[in-house]
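Everything on this sheet refers to the single structure shown next.
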Amino acid sequence: MSVVAAPVAPAPEQAPRRLSGLGEMAHFALRNRKLVIGLVVVLVMLVIAVFGPIVAQHPPLEYGGQLSVAPTTKDGYWFGTTLLGQDVFSQFVTGVRLAFVVGALGGGIAAVVGMLVGFTAGYRSGLVDELLNMLTNVVLVIPTFAVLLVIAAYLRVRGVMTESVFIGLTSWPWAARALRAQTLSLTSRDFVALARLSGRPSRKIIFTEIAPNMSSYLFMMFILLFGGSILIAATLDFIGLGPSNTISLGMMMQLAVQNAALQLHLWWWFVPPGLGIAAIVGSLYVMNVGLDEVFNPKLRSL
């Protein structure tokens, strides 16, 4: 008697696994070329800023015996020397490090002030909103360079901290206006109305209900403020209103122009700082575009 085997039912098709929130963000972030390329460039420049002083063999402001030397590995002059015999690589490393410091401090101060003003104006509305809007408009129309000229006239020594604080206190208005608009939109949502009915303080509602829903926007805003602070600092340094007790990328370009480096074909004096500023700021803006594509489902590429 033969036994006939029962047919085996085909296994049901498994539905594709859905990624969690953070896993989904990481998935699209690693696939976004703009974000990856921008992040790699920023990390490379950060490594130069942190570990560059270990490689540099000469102080940035030391006057050496070799003048206008082209880039060479001899005597540790990787980027050559200036017309006064100073090591360009050492100055470049110092300038990159100061660029990150100014970006973090200036961008951080602007982000904090912008969040306080934007959140408060959007949540409170009414008279508070009008007063904060008036303050924002006043800061927007302040002649920045005129104020800097006055500060430069009274300060004998201008440091990086002074420059960063000034940049932060004059760069927040656009961030405050953008956050105010976002806050006004979120304040009308049901979850905020329920939080108000529960009697929770306004401060807790802002930072536990409204701010978390804008976390991606806040992060992208800080990146823009970071890059903007570096650009403003480079401009101030180039026109002679930056720190007077150190060297920066903008100051390197200013000294190169003053000493006719272009006419003397000393390209290694002004090309590195220009490329350094362009690399940091450009990669930050490319990162911001990539983050926008990651955070916005409508812009994601499969």
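The way I read the labels, and the way they are meant: chains A, B, ... in the order of the structure tokens, residue 1 as the first residue of every chain, and ligand 1 as the first ligand shown, with later ones counted on from there.
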
Could you build a table of the residues in segment 98-121 of chain A lying no more than 12 Å from segment 257-279 of chain A, giving for each the nearest pair of atoms and their separation in Å rounded to one decimal place, using only C-alpha atoms, ordered by chain and ascending residue number, as a tab-separated table?
residue	atom	partner	partner_atom	distance
A:Leu98	CA	A:Ile277	CA	11.3
A:Ala99	CA	A:Ile277	CA	8.2
A:Phe100	CA	A:Ile277	CA	10.5
A:Gly103	CA	A:Ile277	CA	11.5

Can you list, as a short mmCIF file (atom, residue, chain, number, x, y, z; two decimals) with N, CA, C and O atoms, in the first residue's frame, every residue of segment 104-254 of chain A that DSSP puts in helix (DSSP H, G or I)?
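Contents of selection29.cif, as written:
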data_model
loop_
_atom_site.label_atom_id
_atom_site.label_comp_id
_atom_site.auth_asym_id
_atom_site.auth_seq_id
_atom_site.Cartn_x
_atom_site.Cartn_y
_atom_site.Cartn_z
N ALA A 104 30.97 77.58 16.23
CA ALA A 104 30.24 76.96 17.33
C ALA A 104 29.72 78.00 18.31
O ALA A 104 28.55 77.95 18.72
N LEU A 105 30.57 78.96 18.69
CA LEU A 105 30.15 79.97 19.67
C LEU A 105 29.14 80.94 19.07
O LEU A 105 28.07 81.18 19.64
N GLY A 106 29.49 81.52 17.92
CA GLY A 106 28.58 82.47 17.29
C GLY A 106 27.27 81.84 16.88
O GLY A 106 26.19 82.38 17.14
N GLY A 107 27.34 80.66 16.24
CA GLY A 107 26.12 79.97 15.85
C GLY A 107 25.31 79.51 17.05
O GLY A 107 24.08 79.55 17.02
N GLY A 108 26.00 79.07 18.10
CA GLY A 108 25.29 78.64 19.30
C GLY A 108 24.56 79.78 19.98
O GLY A 108 23.40 79.63 20.39
N ILE A 109 25.23 80.92 20.12
CA ILE A 109 24.58 82.09 20.74
C ILE A 109 23.39 82.54 19.91
O ILE A 109 22.30 82.82 20.44
N ALA A 110 23.57 82.62 18.59
CA ALA A 110 22.46 83.04 17.72
C ALA A 110 21.30 82.05 17.79
O ALA A 110 20.13 82.46 17.78
N ALA A 111 21.60 80.75 17.87
CA ALA A 111 20.54 79.75 17.94
C ALA A 111 19.77 79.86 19.25
O ALA A 111 18.53 79.77 19.26
N VAL A 112 20.48 80.06 20.36
CA VAL A 112 19.80 80.16 21.66
C VAL A 112 18.91 81.40 21.71
O VAL A 112 17.73 81.33 22.12
N VAL A 113 19.45 82.55 21.29
CA VAL A 113 18.66 83.78 21.31
C VAL A 113 17.48 83.66 20.34
O VAL A 113 16.34 84.06 20.66
N GLY A 114 17.72 83.11 19.16
CA GLY A 114 16.64 82.95 18.19
C GLY A 114 15.54 82.04 18.69
O GLY A 114 14.35 82.31 18.48
N MET A 115 15.92 80.95 19.39
CA MET A 115 14.90 80.05 19.92
C MET A 115 14.09 80.72 21.03
O MET A 115 12.86 80.58 21.08
N LEU A 116 14.77 81.42 21.93
CA LEU A 116 14.05 82.09 23.02
C LEU A 116 13.05 83.11 22.48
O LEU A 116 11.90 83.16 22.90
N VAL A 117 13.51 83.93 21.54
CA VAL A 117 12.63 84.97 20.98
C VAL A 117 11.54 84.35 20.11
O VAL A 117 10.35 84.71 20.22
N GLY A 118 11.91 83.42 19.25
CA GLY A 118 10.93 82.82 18.33
C GLY A 118 9.87 82.01 19.04
O GLY A 118 8.67 82.13 18.76
N PHE A 119 10.30 81.15 19.97
CA PHE A 119 9.33 80.35 20.71
C PHE A 119 8.39 81.22 21.55
O PHE A 119 7.17 81.01 21.57
N THR A 120 8.96 82.21 22.24
CA THR A 120 8.14 83.06 23.10
C THR A 120 7.15 83.88 22.29
O THR A 120 5.97 83.98 22.63
N ALA A 121 7.62 84.48 21.18
CA ALA A 121 6.73 85.31 20.35
C ALA A 121 5.62 84.47 19.73
O ALA A 121 4.45 84.88 19.70
N GLY A 122 5.96 83.29 19.23
CA GLY A 122 4.96 82.46 18.59
C GLY A 122 3.96 81.86 19.56
O GLY A 122 2.78 81.70 19.23
N TYR A 123 4.41 81.54 20.76
CA TYR A 123 3.51 80.90 21.73
C TYR A 123 2.65 81.92 22.47
O TYR A 123 1.46 81.71 22.68
N ARG A 124 3.25 83.03 22.86
CA ARG A 124 2.51 84.04 23.63
C ARG A 124 1.58 84.86 22.75
O ARG A 124 0.45 85.16 23.14
N GLY A 126 0.02 88.18 20.78
CA GLY A 126 -0.47 89.41 21.41
C GLY A 126 0.61 90.46 21.58
O GLY A 126 1.45 90.68 20.70
N LEU A 127 0.61 91.14 22.72
CA LEU A 127 1.54 92.22 23.01
C LEU A 127 2.97 91.72 23.07
O LEU A 127 3.89 92.39 22.59
N VAL A 128 3.18 90.54 23.65
CA VAL A 128 4.53 89.98 23.72
C VAL A 128 5.09 89.76 22.32
O VAL A 128 6.27 90.06 22.05
N ASP A 129 4.27 89.24 21.44
CA ASP A 129 4.69 89.00 20.06
C ASP A 129 5.08 90.31 19.38
O ASP A 129 6.09 90.40 18.68
N GLU A 130 4.29 91.34 19.58
CA GLU A 130 4.57 92.64 18.96
C GLU A 130 5.88 93.24 19.49
O GLU A 130 6.67 93.80 18.73
N LEU A 131 6.11 93.14 20.79
CA LEU A 131 7.34 93.69 21.38
C LEU A 131 8.57 92.94 20.87
O LEU A 131 9.60 93.55 20.53
N LEU A 132 8.49 91.62 20.81
CA LEU A 132 9.63 90.83 20.34
C LEU A 132 9.86 91.04 18.85
O LEU A 132 11.01 91.04 18.38
N ASN A 133 8.80 91.24 18.09
CA ASN A 133 8.96 91.55 16.67
C ASN A 133 9.63 92.91 16.48
O ASN A 133 10.46 93.09 15.58
N MET A 134 9.29 93.86 17.33
CA MET A 134 9.93 95.17 17.26
C MET A 134 11.41 95.06 17.59
O MET A 134 12.26 95.66 16.92
N LEU A 135 11.74 94.25 18.60
CA LEU A 135 13.15 94.04 18.95
C LEU A 135 13.90 93.38 17.79
O LEU A 135 15.03 93.76 17.47
N THR A 136 13.26 92.41 17.16
CA THR A 136 13.89 91.73 16.01
C THR A 136 14.15 92.70 14.87
O THR A 136 15.22 92.68 14.25
N ASN A 137 13.19 93.57 14.59
CA ASN A 137 13.37 94.56 13.52
C ASN A 137 14.47 95.56 13.86
O ASN A 137 15.22 95.99 12.96
N VAL A 138 14.59 95.92 15.12
CA VAL A 138 15.64 96.86 15.53
C VAL A 138 17.02 96.24 15.29
O VAL A 138 17.94 96.89 14.77
N VAL A 139 17.17 94.99 15.69
CA VAL A 139 18.47 94.32 15.49
C VAL A 139 18.78 94.16 14.01
O VAL A 139 19.94 94.25 13.58
N LEU A 140 17.74 93.95 13.20
CA LEU A 140 17.95 93.77 11.76
C LEU A 140 18.49 95.03 11.10
O LEU A 140 19.30 94.95 10.16
N VAL A 141 18.08 96.19 11.57
CA VAL A 141 18.48 97.44 10.92
C VAL A 141 19.71 98.07 11.58
O VAL A 141 20.15 99.13 11.14
N THR A 144 25.81 97.00 11.34
CA THR A 144 26.77 96.11 12.00
C THR A 144 28.19 96.64 11.92
O THR A 144 28.91 96.68 12.92
N PHE A 145 28.60 97.07 10.74
CA PHE A 145 29.98 97.49 10.58
C PHE A 145 30.27 98.79 11.33
O PHE A 145 31.37 99.00 11.82
N ALA A 146 29.27 99.65 11.42
CA ALA A 146 29.46 100.88 12.20
C ALA A 146 29.68 100.56 13.67
O ALA A 146 30.56 101.14 14.33
N VAL A 147 28.90 99.61 14.19
CA VAL A 147 29.09 99.20 15.58
C VAL A 147 30.45 98.56 15.79
O VAL A 147 31.13 98.80 16.80
N LEU A 148 30.87 97.77 14.82
CA LEU A 148 32.20 97.14 14.92
C LEU A 148 33.32 98.17 14.92
O LEU A 148 34.32 98.02 15.62
N LEU A 149 33.18 99.20 14.11
CA LEU A 149 34.19 100.25 14.09
C LEU A 149 34.30 100.93 15.45
O LEU A 149 35.40 101.24 15.93
N VAL A 150 33.16 101.16 16.10
CA VAL A 150 33.16 101.77 17.43
C VAL A 150 33.83 100.83 18.44
O VAL A 150 34.65 101.24 19.26
N ILE A 151 33.48 99.54 18.36
CA ILE A 151 34.08 98.57 19.27
C ILE A 151 35.58 98.47 19.06
O ILE A 151 36.37 98.43 20.01
N ALA A 152 35.99 98.45 17.79
CA ALA A 152 37.43 98.36 17.48
C ALA A 152 38.19 99.58 17.98
O ALA A 152 39.36 99.50 18.33
N ALA A 153 37.52 100.72 18.02
CA ALA A 153 38.19 101.94 18.47
C ALA A 153 38.43 101.94 19.98
O ALA A 153 39.40 102.53 20.46
N TYR A 154 37.58 101.24 20.73
CA TYR A 154 37.68 101.26 22.18
C TYR A 154 38.36 100.02 22.76
O TYR A 154 38.76 100.02 23.92
N VAL A 160 38.85 86.23 20.01
CA VAL A 160 37.88 85.39 19.33
C VAL A 160 36.55 85.39 20.07
O VAL A 160 35.48 85.38 19.45
N MET A 161 36.59 85.42 21.40
CA MET A 161 35.35 85.42 22.17
C MET A 161 34.53 86.68 21.89
O MET A 161 33.31 86.60 21.72
N THR A 162 35.21 87.83 21.82
CA THR A 162 34.49 89.07 21.53
C THR A 162 33.84 89.02 20.16
O THR A 162 32.67 89.41 19.99
N GLU A 163 34.58 88.53 19.18
CA GLU A 163 34.03 88.43 17.83
C GLU A 163 32.86 87.45 17.78
O GLU A 163 31.83 87.72 17.14
N SER A 164 32.97 86.32 18.46
CA SER A 164 31.91 85.31 18.44
C SER A 164 30.64 85.84 19.10
O SER A 164 29.54 85.62 18.59
N VAL A 165 30.79 86.53 20.23
CA VAL A 165 29.62 87.08 20.92
C VAL A 165 28.94 88.12 20.05
O VAL A 165 27.70 88.15 19.94
N PHE A 166 29.71 88.97 19.41
CA PHE A 166 29.12 90.00 18.55
C PHE A 166 28.37 89.36 17.39
O PHE A 166 27.25 89.76 17.05
N ILE A 167 28.97 88.35 16.76
CA ILE A 167 28.31 87.67 15.64
C ILE A 167 27.02 87.00 16.11
O ILE A 167 25.98 87.08 15.45
N GLY A 168 27.08 86.34 17.26
CA GLY A 168 25.89 85.66 17.77
C GLY A 168 24.76 86.61 18.10
O GLY A 168 23.59 86.31 17.84
N LEU A 169 25.10 87.79 18.66
CA LEU A 169 24.07 88.74 19.06
C LEU A 169 23.50 89.55 17.91
O LEU A 169 22.54 90.31 18.10
N THR A 170 24.07 89.41 16.72
CA THR A 170 23.56 90.13 15.54
C THR A 170 23.06 89.19 14.44
O THR A 170 22.59 89.68 13.41
N PRO A 173 18.13 87.29 14.26
CA PRO A 173 16.77 87.70 13.87
C PRO A 173 16.08 86.80 12.85
O PRO A 173 14.88 86.49 13.00
N TRP A 174 16.78 86.37 11.80
CA TRP A 174 16.11 85.55 10.79
C TRP A 174 15.69 84.20 11.39
O TRP A 174 14.62 83.66 11.04
N ALA A 175 16.52 83.66 12.29
CA ALA A 175 16.16 82.40 12.94
C ALA A 175 14.93 82.59 13.83
O ALA A 175 14.04 81.72 13.87
N ALA A 176 14.88 83.71 14.54
CA ALA A 176 13.72 83.98 15.41
C ALA A 176 12.44 84.10 14.59
O ALA A 176 11.39 83.58 15.00
N ARG A 177 12.51 84.76 13.45
CA ARG A 177 11.31 84.90 12.62
C ARG A 177 10.84 83.56 12.08
O ARG A 177 9.64 83.27 12.05
N ALA A 178 11.78 82.73 11.65
CA ALA A 178 11.40 81.42 11.13
C ALA A 178 10.80 80.55 12.23
O ALA A 178 9.78 79.85 12.01
N LEU A 179 11.38 80.57 13.42
CA LEU A 179 10.87 79.76 14.53
C LEU A 179 9.51 80.28 15.01
O LEU A 179 8.66 79.51 15.44
N ARG A 180 9.33 81.58 14.95
CA ARG A 180 8.03 82.16 15.34
C ARG A 180 6.93 81.62 14.44
O ARG A 180 5.84 81.25 14.91
N ALA A 181 7.19 81.59 13.14
CA ALA A 181 6.18 81.09 12.20
C ALA A 181 5.87 79.61 12.45
O ALA A 181 4.70 79.19 12.44
N GLN A 182 6.93 78.82 12.70
CA GLN A 182 6.71 77.41 12.98
C GLN A 182 5.95 77.21 14.28
O GLN A 182 5.08 76.33 14.40
N THR A 183 6.28 78.01 15.29
CA THR A 183 5.62 77.90 16.59
C THR A 183 4.15 78.27 16.49
O THR A 183 3.28 77.64 17.11
N LEU A 184 3.83 79.32 15.74
CA LEU A 184 2.44 79.70 15.54
C LEU A 184 1.63 78.57 14.92
O LEU A 184 0.47 78.33 15.29
N SER A 185 2.25 77.84 14.00
CA SER A 185 1.55 76.72 13.36
C SER A 185 1.32 75.58 14.34
O SER A 185 0.23 74.98 14.37
N LEU A 186 2.32 75.27 15.17
CA LEU A 186 2.19 74.16 16.10
C LEU A 186 1.30 74.50 17.29
O LEU A 186 0.69 73.61 17.89
N THR A 187 1.23 75.77 17.65
CA THR A 187 0.42 76.16 18.81
C THR A 187 -1.06 75.87 18.59
O THR A 187 -1.81 75.63 19.56
N ASP A 190 -3.86 70.18 18.33
CA ASP A 190 -4.63 69.66 19.45
C ASP A 190 -3.76 69.29 20.65
O ASP A 190 -4.16 69.50 21.80
N PHE A 191 -2.57 68.72 20.40
CA PHE A 191 -1.75 68.27 21.53
C PHE A 191 -1.27 69.45 22.37
O PHE A 191 -1.09 69.32 23.59
N VAL A 192 -1.07 70.61 21.75
CA VAL A 192 -0.69 71.80 22.52
C VAL A 192 -1.89 72.31 23.31
O VAL A 192 -1.76 72.72 24.47
N ALA A 193 -3.07 72.27 22.70
CA ALA A 193 -4.28 72.70 23.41
C ALA A 193 -4.55 71.82 24.62
O ALA A 193 -4.92 72.31 25.70
N LEU A 194 -4.34 70.51 24.48
CA LEU A 194 -4.52 69.60 25.61
C LEU A 194 -3.50 69.87 26.71
O LEU A 194 -3.82 69.80 27.90
N ALA A 195 -2.26 70.18 26.31
CA ALA A 195 -1.23 70.49 27.31
C ALA A 195 -1.58 71.77 28.06
O ALA A 195 -1.35 71.87 29.28
N ARG A 196 -2.17 72.73 27.37
CA ARG A 196 -2.59 73.96 28.04
C ARG A 196 -3.73 73.70 29.01
O ARG A 196 -3.76 74.21 30.13
N LEU A 197 -4.69 72.87 28.60
CA LEU A 197 -5.82 72.56 29.46
C LEU A 197 -5.39 71.80 30.71
O LEU A 197 -6.04 71.89 31.75
N SER A 202 3.97 77.20 30.63
CA SER A 202 4.28 77.51 29.24
C SER A 202 5.69 77.03 28.86
O SER A 202 5.91 76.55 27.75
N ARG A 203 6.63 77.18 29.80
CA ARG A 203 8.00 76.77 29.50
C ARG A 203 8.07 75.28 29.18
O ARG A 203 8.75 74.86 28.24
N LYS A 204 7.37 74.46 29.95
CA LYS A 204 7.40 73.03 29.71
C LYS A 204 6.68 72.67 28.41
O LYS A 204 7.10 71.75 27.69
N ILE A 205 5.60 73.37 28.12
CA ILE A 205 4.89 73.09 26.86
C ILE A 205 5.78 73.39 25.67
O ILE A 205 5.83 72.63 24.70
N ILE A 206 6.53 74.50 25.74
CA ILE A 206 7.39 74.88 24.62
C ILE A 206 8.50 73.86 24.41
O ILE A 206 8.76 73.42 23.28
N PHE A 207 9.15 73.46 25.51
CA PHE A 207 10.34 72.62 25.37
C PHE A 207 10.06 71.12 25.42
O PHE A 207 10.97 70.33 25.15
N THR A 208 8.84 70.72 25.73
CA THR A 208 8.51 69.30 25.73
C THR A 208 7.49 68.92 24.67
O THR A 208 7.38 67.73 24.31
N GLU A 209 6.73 69.88 24.17
CA GLU A 209 5.72 69.59 23.17
C GLU A 209 6.04 70.21 21.81
O GLU A 209 5.94 69.56 20.78
N ILE A 210 6.43 71.49 21.82
CA ILE A 210 6.66 72.21 20.56
C ILE A 210 8.06 71.97 20.01
O ILE A 210 8.23 71.59 18.85
N ALA A 211 9.08 72.16 20.84
CA ALA A 211 10.47 72.03 20.36
C ALA A 211 10.79 70.64 19.83
O ALA A 211 11.44 70.52 18.77
N PRO A 212 10.37 69.54 20.49
CA PRO A 212 10.68 68.21 19.92
C PRO A 212 10.10 68.00 18.53
O PRO A 212 10.68 67.26 17.72
N ASN A 213 8.98 68.61 18.24
CA ASN A 213 8.39 68.47 16.90
C ASN A 213 9.12 69.31 15.86
O ASN A 213 8.80 69.22 14.67
N MET A 214 10.06 70.12 16.30
CA MET A 214 10.85 70.94 15.38
C MET A 214 12.34 70.59 15.47
O MET A 214 13.18 71.38 15.05
N SER A 215 12.66 69.43 16.01
CA SER A 215 14.07 69.08 16.25
C SER A 215 14.89 69.07 14.97
O SER A 215 16.02 69.58 14.94
N SER A 216 14.34 68.50 13.90
CA SER A 216 15.08 68.47 12.64
C SER A 216 15.29 69.87 12.10
O SER A 216 16.37 70.21 11.60
N TYR A 217 14.26 70.71 12.21
CA TYR A 217 14.37 72.09 11.73
C TYR A 217 15.39 72.87 12.56
O TYR A 217 16.17 73.66 12.02
N LEU A 218 15.41 72.64 13.87
CA LEU A 218 16.36 73.33 14.74
C LEU A 218 17.79 72.92 14.41
O LEU A 218 18.71 73.75 14.42
N PHE A 219 18.00 71.65 14.12
CA PHE A 219 19.34 71.17 13.78
C PHE A 219 19.82 71.79 12.47
O PHE A 219 20.97 72.24 12.37
N MET A 220 18.96 71.84 11.48
CA MET A 220 19.32 72.45 10.21
C MET A 220 19.56 73.95 10.36
O MET A 220 20.46 74.52 9.73
N MET A 221 18.77 74.59 11.22
CA MET A 221 18.97 76.02 11.47
C MET A 221 20.33 76.28 12.10
O MET A 221 21.03 77.24 11.73
N PHE A 222 20.75 75.42 13.04
CA PHE A 222 22.06 75.60 13.67
C PHE A 222 23.19 75.44 12.67
O PHE A 222 24.19 76.16 12.72
N ILE A 223 23.04 74.51 11.73
CA ILE A 223 24.07 74.33 10.71
C ILE A 223 24.23 75.60 9.87
O ILE A 223 25.34 76.05 9.57
N LEU A 224 23.10 76.20 9.50
CA LEU A 224 23.15 77.44 8.73
C LEU A 224 23.78 78.57 9.54
O LEU A 224 24.58 79.36 9.02
N LEU A 225 23.43 78.67 10.82
CA LEU A 225 24.03 79.69 11.67
C LEU A 225 25.51 79.44 11.87
O LEU A 225 26.31 80.38 11.94
N PHE A 226 25.90 78.19 11.97
CA PHE A 226 27.31 77.82 12.10
C PHE A 226 28.11 78.30 10.89
O PHE A 226 29.13 78.98 11.02
N GLY A 227 27.64 77.94 9.70
CA GLY A 227 28.33 78.37 8.49
C GLY A 227 28.29 79.86 8.29
O GLY A 227 29.28 80.47 7.85
N GLY A 228 27.15 80.48 8.62
CA GLY A 228 27.05 81.94 8.49
C GLY A 228 28.00 82.67 9.41
O GLY A 228 28.59 83.69 9.04
N SER A 229 28.19 82.16 10.62
CA SER A 229 29.14 82.78 11.57
C SER A 229 30.56 82.72 11.04
O SER A 229 31.33 83.68 11.18
N ILE A 230 30.93 81.61 10.41
CA ILE A 230 32.28 81.49 9.84
C ILE A 230 32.46 82.49 8.70
O ILE A 230 33.52 83.13 8.59
N LEU A 231 31.45 82.65 7.86
CA LEU A 231 31.55 83.60 6.76
C LEU A 231 31.65 85.04 7.27
O LEU A 231 32.46 85.83 6.78
N ILE A 232 30.84 85.39 8.27
CA ILE A 232 30.90 86.74 8.83
C ILE A 232 32.25 87.00 9.47
O ILE A 232 32.85 88.07 9.29
N ALA A 233 32.77 86.01 10.21
CA ALA A 233 34.07 86.17 10.84
C ALA A 233 35.17 86.35 9.81
O ALA A 233 36.08 87.18 9.99
N ALA A 234 35.11 85.58 8.71
CA ALA A 234 36.13 85.72 7.66
C ALA A 234 36.07 87.10 7.03
O ALA A 234 37.11 87.71 6.73
N THR A 235 34.86 87.64 6.86
CA THR A 235 34.72 88.99 6.30
C THR A 235 35.29 90.04 7.24
O THR A 235 36.01 90.95 6.82
N LEU A 236 34.96 89.93 8.52
CA LEU A 236 35.46 90.89 9.50
C LEU A 236 36.99 90.82 9.60
O LEU A 236 37.66 91.86 9.70
N ASP A 237 37.52 89.62 9.58
CA ASP A 237 38.98 89.47 9.66
C ASP A 237 39.66 90.04 8.42
O ASP A 237 40.74 90.63 8.51
N PHE A 238 39.02 89.86 7.27
CA PHE A 238 39.64 90.33 6.02
C PHE A 238 39.73 91.86 5.96
O PHE A 238 40.68 92.40 5.39
N LEU A 249 41.82 82.53 9.12
CA LEU A 249 41.81 82.36 7.67
C LEU A 249 41.58 83.68 6.96
O LEU A 249 42.22 84.00 5.95
N GLY A 250 40.65 84.49 7.48
CA GLY A 250 40.41 85.79 6.88
C GLY A 250 41.59 86.72 7.01
O GLY A 250 41.91 87.49 6.09
N MET A 251 42.28 86.66 8.14
CA MET A 251 43.45 87.50 8.34
C MET A 251 44.61 87.07 7.43
O MET A 251 45.39 87.91 6.97
N MET A 252 44.72 85.77 7.18
CA MET A 252 45.74 85.29 6.24
C MET A 252 45.52 85.90 4.86
O MET A 252 46.48 86.34 4.21
N MET A 253 44.27 85.93 4.42
CA MET A 253 43.98 86.52 3.12
C MET A 253 44.22 88.03 3.13
O MET A 253 44.69 88.60 2.13
N GLN A 254 43.92 88.68 4.24
CA GLN A 254 44.18 90.11 4.34
C GLN A 254 45.68 90.41 4.23
O GLN A 254 46.10 91.31 3.49
#

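Between atom CA of Val96 of chain A and atom CA of Ile54 of chain A lies a distance of 14.2 Å.
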
Mind checking which residues fall within 8 Å of Thr81 of chain A, counting only C-alpha atoms, ignoring those fewer than 5 positions away in the same chain, and posting them as an mmCIF file with N, CA and C atoms, in the first residue's frame?
data_model
loop_
_atom_site.group_PDB
_atom_site.id
_atom_site.type_symbol
_atom_site.label_atom_id
_atom_site.label_comp_id
_atom_site.auth_asym_id
_atom_site.auth_seq_id
_atom_site.Cartn_x
_atom_site.Cartn_y
_atom_site.Cartn_z
ATOM 1 N N GLN A 66 63.675 81.679 6.239
ATOM 2 C CA GLN A 66 63.416 81.425 4.828
ATOM 3 C C GLN A 66 62.171 82.195 4.399
ATOM 4 N N LEU A 67 62.349 83.067 3.434
ATOM 5 C CA LEU A 67 61.257 83.937 2.989
ATOM 6 C C LEU A 67 60.691 83.444 1.668
ATOM 7 N N SER A 68 59.371 83.453 1.555
ATOM 8 C CA SER A 68 58.661 83.135 0.303
ATOM 9 C C SER A 68 59.066 81.781 -0.263
ATOM 10 N N VAL A 69 59.123 80.778 0.602
ATOM 11 C CA VAL A 69 59.474 79.434 0.169
ATOM 12 C C VAL A 69 58.225 78.717 -0.331
ATOM 13 N N ALA A 70 58.309 78.090 -1.494
ATOM 14 C CA ALA A 70 57.187 77.333 -2.037
ATOM 15 C C ALA A 70 56.922 76.097 -1.187
ATOM 16 N N PRO A 71 55.727 75.513 -1.285
ATOM 17 C CA PRO A 71 55.430 74.308 -0.489
ATOM 18 C C PRO A 71 56.466 73.218 -0.685
ATOM 19 N N GLN A 86 56.881 83.315 7.634
ATOM 20 C CA GLN A 86 56.003 82.590 8.548
ATOM 21 C C GLN A 86 55.466 81.327 7.881
ATOM 22 N N ASP A 87 55.250 80.297 8.681
ATOM 23 C CA ASP A 87 54.794 79.006 8.175
ATOM 24 C C ASP A 87 53.308 79.081 7.818
ATOM 25 N N VAL A 88 52.988 78.893 6.537
ATOM 26 C CA VAL A 88 51.607 78.988 6.074
ATOM 27 C C VAL A 88 50.774 77.825 6.608
ATOM 28 N N TRP A 269 50.076 81.332 -0.369
ATOM 29 C CA TRP A 269 49.754 82.161 0.790
ATOM 30 C C TRP A 269 48.246 82.407 0.908
#
